[in-house]
Each structure stands twice: as C-alpha cells, then as structure tokens.
Amino acid sequence: MSYNISRSPTQQRTYTPIFKLINDARERLSKTKHKIIVLSGKGGVGKTFVSAMLSLALASEGYRVALFDADIHGSSIPTVLAMHGMRLYASENGIEPTPGPLGIKVVATNLMLDSPDLPIIWRGPLKSKAITELLAKVNWGENDFLIIDLPPGTGDEAITIVQTIKDLDGAIIVTAPSILSEVIVAKAINFVVNNGVKLLGIVENMSYFKCPKCGSVYYLLGKSTGEELAKKYNTKLLAKIPLDPYIGEALDRGVPYYIEYPDAEASKAIRELARKLIEIFQEKTPE
Ligand SMILES: Nc1ncnc2c1ncn2[C@@H]1O[C@H](COP(=O)(O)OP(=O)(O)OP(=O)(O)O)[C@@H](O)[C@H]1O
C-alpha cells in the first residue's frame, strides 16, 4: 500500500506508511529463527568485531546466518569481513543481502554507497526510517540466526530495532575492562530489560593479553571484572575474549580474523560463545 501525495505534477512522490514498513519487516523476518542484538554502552569495545566473528563461528558450525549492520554512521561490518568492493543489489524479491565469508548474508549501509569513505549525514528520524525500510525491503529468506550489530549507546537505531522486531530473542552486551564502569553497563542492561528483550549475557572483550612466548597473562586494560558484573546483573558471562594484535593485522591485510586464525585463543573464545548460544536456543546440529 502506498499513497501519492499530490503537490504540483512535477513534485509528486509516493510514500509508504511506516506501519506498512514495520509489518513488511516482521513478515520478511518471520522465517528467521533467532534474532539477536549486540550492543554496548560505549564505543570502541569491539562490538562490531564480536558480531562479525560470532556470525562466522555460527556459520562454520553449519547454521544459516544473516548479519545486519545497524550502525548507519559507522558501518564497518563489511570492512571487518573483508568484503571490499562488494555491493547490495536489488532483485524482483527486494534488496538481496550480499554474501559474505562462509555464505553469511550481510546487509550494511556501507554496501550501498558508491564509496565507503562517503559519510552519511542523517539525523535520527532519517536513520530510523532507513533501518525500518531496510528491514522491510531486504529479502532475508530463511535463517537460523540474525545478528544485529547496533551502534554504541542506546539511541535511535537501537530504539527502532527493538520497536520494529518485537520478537527479538535476546541481547548480548559487549564490554571491555577499561570501560567496565558499572554505570555504562547498567545503562545498556536497563535498555534491554526495559524494552522487554531477554538479556542473554555479557561478553568481555579485550579481557587480557597472553604472552605467546611465556604464556604469562597481563590485564593490559585493567582488572577483569566480567564475572562480578554478570553476577551483579544476574546474567551470564558468555565469553572472555583476549587482546590479540593479529586482529588488527588481519584487518589491515583484508582477511577475516576468525577464518585466518581459527586456532587463536580469541577465535576459540568466539567459538565457545557461538556454542553457548546454540545451547541457549537448544538448536539442533545442522545436517
Ligand atoms: N580482542 C581484541 N584484540 C585486539 N583488537 C581488537 C579486539 N577486539 C576488537 N579489536 C580492535 O579494536 C577496534 C575497535 O573494534 P570495533 O570496531 O569492533 O569496536 P566497536 O565497539 O564496534 O566500535 P564502534 O564504537 O565504532 O561501534 C578495531 O580496530 C578492532 O579490530
């Protein structure tokens, strides 16, 4: 359903009511079994890294995974997944997700730009509309998991997602020792709980550094308090992911870290995280 709003004949534009977009989004996502948001109270803690690598880990266990980069301004999922020069295309079924590594279906605003360097200069209402429209127009198909990488904080994008996808299955909160300020984590947790989304647990990224030569463990960003935090907020500590300089090296080289270094300690922690999610949802092993 769409309406012609008549101005002068040359100014005619067609509008689709927002409720129609929301309904379309829900319909399009109805064949996706588990929809999970990944958020953090603060930027730079590795939320995008965790969302992207978790998607790869789930895909490598045989699950059908879609990954939505809901960070309109800071869209960086395609870079982390080394999807250089790739684009979203439209078909008669809608916008087709771009196939990423291991066949994951990736949707990100950076995949729509002529150049990934172009900034998107949009205020809240436009960002919300863009997110709803993408959710409604993408041909998501059938998936076991949809991972949604939210921008830092609890702003427009996060609100739009929780209001549009009413049947979200849960939220993962990513944090790091340096910003383990209780207030910041509490804000993210309160956002999740107040919106009726199940809190699946906390991931402590950049948790520690293990010397590859002597095996000594160093808490470079500060004392790890993931366990205490999880206990305090009555949730699980899903993973402690170490600092690994090869994460930056893989990014610079343009290769997906989880695929390039599957035996690294950080990849093992991400694999454990994926397996915990599979367990939480009691997913059957794909044939
Ligand atoms: N465990 C880690 N060890 C080393 N580097 C890491 C680790 N996790 C993430 N990084 C690096 O830290 C930087 C920030 O990560 P990322 O972009 O995933 O954070 P973010 O929380 O999504 O940030 P934003 O605020 O932009 O959304 C990136 O350069 C990433 O490669």
# chains A, B, ... in the order shown; residues from 1 in each chain; ligands from 1
>>> closest_atom_pairs(of="chain A", to="ligand 1", cutoff="6 Å", atoms="only C-alpha atoms and all ligand atoms", output="tab-separated table")
residue	atom	partner	partner_atom_place_in_ligand_line	distance
A:Gly43	CA	ligand 1	25 (O)	3.0
A:Gly44	CA	ligand 1	23 (O)	3.5
A:Val45	CA	ligand 1	21 (O)	3.9
A:Gly46	CA	ligand 1	19 (O)	3.2
A:Lys47	CA	ligand 1	22 (O)	3.8
A:Thr48	CA	ligand 1	22 (O)	3.6
A:Phe49	CA	ligand 1	18 (O)	3.7
A:Gly74	CA	ligand 1	26 (O)	5.9
A:Pro151	CA	ligand 1	27 (O)	5.1
A:Pro152	CA	ligand 1	25 (O)	5.3
A:Asn205	CA	ligand 1	1 (N)	5.4
A:Met206	CA	ligand 1	1 (N)	4.2
A:Ile241	CA	ligand 1	1 (N)	5.6
A:Pro242	CA	ligand 1	1 (N)	5.0
A:Leu243	CA	ligand 1	3 (N)	3.4
A:Asp244	CA	ligand 1	3 (N)	4.1
A:Pro245	CA	ligand 1	4 (C)	5.3
A:Ile247	CA	ligand 1	5 (N)	5.2
A:Gly248	CA	ligand 1	31 (O)	4.8
>>> select_by_dssp(residues="stretch 155-213 of chain A", states="helix (DSSP H, G or I)", output="PDB file with N, CA and C atoms, in the first residue's frame")
ATOM      1  N   ASP A 156      18.760   6.199  18.553  1.00  0.00           N
ATOM      2  CA  ASP A 156      17.677   5.973  17.583  1.00  0.00           C
ATOM      3  C   ASP A 156      17.682   4.587  16.960  1.00  0.00           C
ATOM      4  N   GLU A 157      18.880   4.128  16.566  1.00  0.00           N
ATOM      5  CA  GLU A 157      18.951   2.848  15.852  1.00  0.00           C
ATOM      6  C   GLU A 157      18.477   1.711  16.763  1.00  0.00           C
ATOM      7  N   ALA A 158      18.960   1.740  18.018  1.00  0.00           N
ATOM      8  CA  ALA A 158      18.603   0.679  18.963  1.00  0.00           C
ATOM      9  C   ALA A 158      17.098   0.698  19.232  1.00  0.00           C
ATOM     10  N   ILE A 159      16.546   1.892  19.413  1.00  0.00           N
ATOM     11  CA  ILE A 159      15.104   2.005  19.703  1.00  0.00           C
ATOM     12  C   ILE A 159      14.296   1.484  18.505  1.00  0.00           C
ATOM     13  N   THR A 160      14.712   1.878  17.305  1.00  0.00           N
ATOM     14  CA  THR A 160      13.972   1.430  16.111  1.00  0.00           C
ATOM     15  C   THR A 160      13.986  -0.090  16.002  1.00  0.00           C
ATOM     16  N   ILE A 161      15.137  -0.674  16.251  1.00  0.00           N
ATOM     17  CA  ILE A 161      15.230  -2.144  16.124  1.00  0.00           C
ATOM     18  C   ILE A 161      14.310  -2.826  17.146  1.00  0.00           C
ATOM     19  N   VAL A 162      14.374  -2.409  18.414  1.00  0.00           N
ATOM     20  CA  VAL A 162      13.558  -3.127  19.416  1.00  0.00           C
ATOM     21  C   VAL A 162      12.062  -2.877  19.205  1.00  0.00           C
ATOM     22  N   GLN A 163      11.728  -1.723  18.610  1.00  0.00           N
ATOM     23  CA  GLN A 163      10.301  -1.468  18.374  1.00  0.00           C
ATOM     24  C   GLN A 163       9.791  -2.169  17.115  1.00  0.00           C
ATOM     25  N   THR A 164      10.682  -2.349  16.151  1.00  0.00           N
ATOM     26  CA  THR A 164      10.240  -2.989  14.899  1.00  0.00           C
ATOM     27  C   THR A 164      10.218  -4.505  15.031  1.00  0.00           C
ATOM     28  N   PRO A 177      37.407  -4.296  29.780  1.00  0.00           N
ATOM     29  CA  PRO A 177      37.774  -3.937  31.154  1.00  0.00           C
ATOM     30  C   PRO A 177      37.925  -2.430  31.376  1.00  0.00           C
ATOM     31  N   SER A 178      38.482  -1.727  30.378  1.00  0.00           N
ATOM     32  CA  SER A 178      38.761  -0.309  30.609  1.00  0.00           C
ATOM     33  C   SER A 178      37.494   0.515  30.808  1.00  0.00           C
ATOM     34  N   ILE A 179      36.413   0.077  30.239  1.00  0.00           N
ATOM     35  CA  ILE A 179      35.202   0.872  30.409  1.00  0.00           C
ATOM     36  C   ILE A 179      34.186   0.090  31.239  1.00  0.00           C
ATOM     37  N   GLU A 182      30.365   0.579  35.952  1.00  0.00           N
ATOM     38  CA  GLU A 182      29.057  -0.059  36.183  1.00  0.00           C
ATOM     39  C   GLU A 182      27.928   0.751  35.591  1.00  0.00           C
ATOM     40  N   VAL A 183      28.090   2.067  35.583  1.00  0.00           N
ATOM     41  CA  VAL A 183      27.008   2.922  35.081  1.00  0.00           C
ATOM     42  C   VAL A 183      26.764   2.644  33.601  1.00  0.00           C
ATOM     43  N   ILE A 184      27.870   2.498  32.827  1.00  0.00           N
ATOM     44  CA  ILE A 184      27.738   2.291  31.378  1.00  0.00           C
ATOM     45  C   ILE A 184      27.095   0.945  31.081  1.00  0.00           C
ATOM     46  N   VAL A 185      27.562  -0.080  31.755  1.00  0.00           N
ATOM     47  CA  VAL A 185      26.977  -1.411  31.531  1.00  0.00           C
ATOM     48  C   VAL A 185      25.521  -1.413  31.997  1.00  0.00           C
ATOM     49  N   ALA A 186      25.272  -0.754  33.133  1.00  0.00           N
ATOM     50  CA  ALA A 186      23.898  -0.722  33.662  1.00  0.00           C
ATOM     51  C   ALA A 186      22.952  -0.057  32.669  1.00  0.00           C
ATOM     52  N   LYS A 187      23.412   0.987  31.987  1.00  0.00           N
ATOM     53  CA  LYS A 187      22.549   1.669  31.013  1.00  0.00           C
ATOM     54  C   LYS A 187      22.137   0.712  29.903  1.00  0.00           C
ATOM     55  N   ALA A 188      23.124  -0.013  29.374  1.00  0.00           N
ATOM     56  CA  ALA A 188      22.830  -0.956  28.292  1.00  0.00           C
ATOM     57  C   ALA A 188      21.888  -2.046  28.790  1.00  0.00           C
ATOM     58  N   ILE A 189      22.141  -2.552  29.989  1.00  0.00           N
ATOM     59  CA  ILE A 189      21.284  -3.615  30.536  1.00  0.00           C
ATOM     60  C   ILE A 189      19.868  -3.089  30.757  1.00  0.00           C
ATOM     61  N   ASN A 190      19.761  -1.893  31.317  1.00  0.00           N
ATOM     62  CA  ASN A 190      18.424  -1.329  31.558  1.00  0.00           C
ATOM     63  C   ASN A 190      17.667  -1.111  30.258  1.00  0.00           C
ATOM     64  N   PHE A 191      18.379  -0.700  29.215  1.00  0.00           N
ATOM     65  CA  PHE A 191      17.738  -0.505  27.907  1.00  0.00           C
ATOM     66  C   PHE A 191      17.114  -1.821  27.441  1.00  0.00           C
ATOM     67  N   VAL A 192      17.915  -2.877  27.546  1.00  0.00           N
ATOM     68  CA  VAL A 192      17.467  -4.197  27.093  1.00  0.00           C
ATOM     69  C   VAL A 192      16.253  -4.653  27.913  1.00  0.00           C
ATOM     70  N   VAL A 193      16.397  -4.604  29.227  1.00  0.00           N
ATOM     71  CA  VAL A 193      15.349  -5.127  30.104  1.00  0.00           C
ATOM     72  C   VAL A 193      14.082  -4.274  29.990  1.00  0.00           C
ATOM     73  N   ASN A 194      14.241  -2.950  29.979  1.00  0.00           N
ATOM     74  CA  ASN A 194      13.057  -2.071  29.909  1.00  0.00           C
ATOM     75  C   ASN A 194      12.288  -2.228  28.611  1.00  0.00           C
TER      76      ASN A 194
END
>>> closest_residue(among="A:Gly201, A:Glu142, A:Gly85, A:Ser76", to="A:Gly170", atoms="only C-alpha atoms")
A:Gly201
>>> atom_distance(atom1="atom CA of A:His73", atom2="atom CA of A:Lys127")
9.0 Å
>>> residues_around(residues="A:Ile104", least_positions_apart="4", cutoff="10 Å", atoms="only C-alpha atoms", output="compact mmCIF listing (two decimals) with C-alpha atoms, in the first residue's frame")
# COMPACT_ATOMS: atom_id res chain seq x y z
CA ALA A 52 31.09 -10.34 12.75
CA SER A 55 28.38 -14.76 12.77
CA LEU A 56 31.31 -16.59 11.16
CA LEU A 58 27.83 -19.84 13.84
CA ALA A 59 28.15 -20.26 10.07
CA SER A 60 31.15 -22.54 10.45
CA TYR A 63 23.95 -22.58 10.70
CA ARG A 64 22.36 -20.15 8.25
CA VAL A 65 23.33 -16.70 9.43
CA ALA A 66 22.31 -13.17 8.46
CA LEU A 67 24.19 -10.16 9.81
CA PRO A 97 21.84 -9.40 1.11
CA THR A 98 25.47 -9.53 -0.03
CA PRO A 99 27.04 -12.95 0.50
CA GLY A 100 29.93 -12.62 2.94
CA ASN A 143 17.91 -18.16 8.56
CA PHE A 145 20.29 -16.65 13.28
CA LEU A 146 20.10 -12.93 12.58
>>> select_by_dssp(residues="stretch 7-167 of chain A", states="strand (DSSP E or B)", output="JSON, numbers by chain")
{"A": [13, 14, 15, 32, 33, 34, 35, 36, 37, 38, 39, 65, 66, 67, 68, 69, 89, 90, 91, 94, 95, 96, 98, 99, 105, 106, 107, 108, 138, 143, 144, 145, 146, 147, 148, 149]}
>>> closest_residue(among="A:Glu61, A:Leu81, A:Asn195, A:Lys20", to="A:Pro286", atoms="only C-alpha atoms")
A:Glu61
>>> closest_residue(among="A:Ile95, A:Ala130, A:Leu251, A:Leu199", to="A:Thr79", atoms="only C-alpha atoms")
A:Leu251
>>> atom_distance(atom1="atom CA of A:Phe68", atom2="atom CA of A:Ala274")
17.1 Å
>>> closest_residue(among="A:Ala266, A:Cys211, A:Ile22, A:Leu168", to="A:Leu135", atoms="only C-alpha atoms")
A:Ile22
>>> residues_around(residues="A:Glu133", least_positions_apart="5", cutoff="9 Å", atoms="only C-alpha atoms", output="number ranges by chain")
A: 18, 21-22, 24-25, 128, 138
>>> write_last_selection(atoms="C-alpha atoms", output="mmCIF file, in the first residue's frame")
data_model
loop_
_atom_site.group_PDB
_atom_site.id
_atom_site.type_symbol
_atom_site.label_atom_id
_atom_site.label_comp_id
_atom_site.auth_asym_id
_atom_site.auth_seq_id
_atom_site.Cartn_x
_atom_site.Cartn_y
_atom_site.Cartn_z
ATOM 1 C CA ILE A 18 5.535 3.452 8.444
ATOM 2 C CA LEU A 21 7.033 -0.955 6.537
ATOM 3 C CA ILE A 22 7.009 -2.354 10.077
ATOM 4 C CA ASP A 24 6.632 -5.903 5.999
ATOM 5 C CA ALA A 25 9.787 -6.091 8.137
ATOM 6 C CA SER A 128 15.133 5.201 11.908
ATOM 7 C CA VAL A 138 15.638 -6.929 2.253
#
>>> closest_residue(among="A:Lys166, A:Lys276, A:Lys210, A:Lys33", to="A:Leu238", atoms="only C-alpha atoms")
A:Lys276
>>> atom_distance(atom1="atom CA of A:Ile148", atom2="atom CA of A:Ala171")
9.4 Å
>>> decode(residues="stretch 27-52 of chain A", atoms="N, CA and C atoms", output="mmCIF file, in the first residue's frame")
data_model
loop_
_atom_site.group_PDB
_atom_site.id
_atom_site.type_symbol
_atom_site.label_atom_id
_atom_site.label_comp_id
_atom_site.auth_asym_id
_atom_site.auth_seq_id
_atom_site.Cartn_x
_atom_site.Cartn_y
_atom_site.Cartn_z
ATOM 1 N N GLU A 27 7.134 -9.527 8.573
ATOM 2 C CA GLU A 27 6.830 -10.622 7.651
ATOM 3 C C GLU A 27 8.127 -11.170 7.037
ATOM 4 N N ARG A 28 8.979 -10.245 6.592
ATOM 5 C CA ARG A 28 10.248 -10.655 5.954
ATOM 6 C C ARG A 28 11.136 -11.440 6.914
ATOM 7 N N LEU A 29 11.036 -11.088 8.216
ATOM 8 C CA LEU A 29 11.914 -11.748 9.198
ATOM 9 C C LEU A 29 11.254 -12.958 9.857
ATOM 10 N N SER A 30 10.052 -13.280 9.399
ATOM 11 C CA SER A 30 9.323 -14.357 10.082
ATOM 12 C C SER A 30 9.955 -15.737 9.843
ATOM 13 N N LYS A 31 10.831 -15.836 8.843
ATOM 14 C CA LYS A 31 11.468 -17.139 8.604
ATOM 15 C C LYS A 31 12.882 -17.184 9.189
ATOM 16 N N THR A 32 13.177 -16.246 10.079
ATOM 17 C CA THR A 32 14.470 -16.259 10.776
ATOM 18 C C THR A 32 14.212 -16.709 12.213
ATOM 19 N N LYS A 33 14.890 -17.789 12.624
ATOM 20 C CA LYS A 33 14.535 -18.402 13.907
ATOM 21 C C LYS A 33 14.949 -17.568 15.124
ATOM 22 N N HIS A 34 16.208 -17.128 15.159
ATOM 23 C CA HIS A 34 16.691 -16.434 16.359
ATOM 24 C C HIS A 34 17.279 -15.080 15.980
ATOM 25 N N LYS A 35 16.713 -14.039 16.575
ATOM 26 C CA LYS A 35 17.159 -12.667 16.245
ATOM 27 C C LYS A 35 17.825 -12.065 17.479
ATOM 28 N N ILE A 36 19.082 -11.724 17.322
ATOM 29 C CA ILE A 36 19.878 -11.308 18.492
ATOM 30 C C ILE A 36 20.511 -9.945 18.245
ATOM 31 N N ILE A 37 20.367 -9.033 19.213
ATOM 32 C CA ILE A 37 21.059 -7.739 19.081
ATOM 33 C C ILE A 37 22.363 -7.776 19.868
ATOM 34 N N VAL A 38 23.368 -7.106 19.328
ATOM 35 C CA VAL A 38 24.660 -6.990 20.022
ATOM 36 C C VAL A 38 24.863 -5.501 20.284
ATOM 37 N N LEU A 39 24.984 -5.134 21.545
ATOM 38 C CA LEU A 39 25.142 -3.705 21.854
ATOM 39 C C LEU A 39 26.170 -3.480 22.945
ATOM 40 N N SER A 40 26.557 -2.226 23.086
ATOM 41 C CA SER A 40 27.493 -1.875 24.154
ATOM 42 C C SER A 40 27.088 -0.503 24.655
ATOM 43 N N GLY A 41 27.472 -0.216 25.878
ATOM 44 C CA GLY A 41 27.130 1.094 26.419
ATOM 45 C C GLY A 41 27.998 2.166 25.791
ATOM 46 N N LYS A 42 29.161 1.761 25.292
ATOM 47 C CA LYS A 42 30.175 2.724 24.860
ATOM 48 C C LYS A 42 30.878 2.216 23.604
ATOM 49 N N GLY A 43 31.435 3.128 22.817
ATOM 50 C CA GLY A 43 32.075 2.731 21.567
ATOM 51 C C GLY A 43 33.478 2.162 21.750
ATOM 52 N N GLY A 44 33.926 1.484 20.714
ATOM 53 C CA GLY A 44 35.313 1.034 20.657
ATOM 54 C C GLY A 44 35.659 -0.191 21.474
ATOM 55 N N VAL A 45 34.634 -0.905 21.969
ATOM 56 C CA VAL A 45 34.927 -2.068 22.814
ATOM 57 C C VAL A 45 35.024 -3.364 21.996
ATOM 58 N N GLY A 46 34.758 -3.261 20.683
ATOM 59 C CA GLY A 46 34.880 -4.449 19.843
ATOM 60 C C GLY A 46 33.556 -5.114 19.538
ATOM 61 N N LYS A 47 32.476 -4.350 19.617
ATOM 62 C CA LYS A 47 31.135 -4.889 19.357
ATOM 63 C C LYS A 47 31.019 -5.385 17.908
ATOM 64 N N THR A 48 31.541 -4.590 16.969
ATOM 65 C CA THR A 48 31.472 -4.995 15.561
ATOM 66 C C THR A 48 32.306 -6.246 15.325
ATOM 67 N N PHE A 49 33.477 -6.273 15.919
ATOM 68 C CA PHE A 49 34.344 -7.447 15.798
ATOM 69 C C PHE A 49 33.610 -8.689 16.329
ATOM 70 N N VAL A 50 33.010 -8.562 17.508
ATOM 71 C CA VAL A 50 32.316 -9.709 18.119
ATOM 72 C C VAL A 50 31.125 -10.136 17.239
ATOM 73 N N SER A 51 30.329 -9.173 16.760
ATOM 74 C CA SER A 51 29.156 -9.520 15.919
ATOM 75 C C SER A 51 29.600 -10.273 14.665
ATOM 76 N N ALA A 52 30.645 -9.749 14.017
ATOM 77 C CA ALA A 52 31.093 -10.343 12.752
ATOM 78 C C ALA A 52 31.694 -11.735 12.982
#
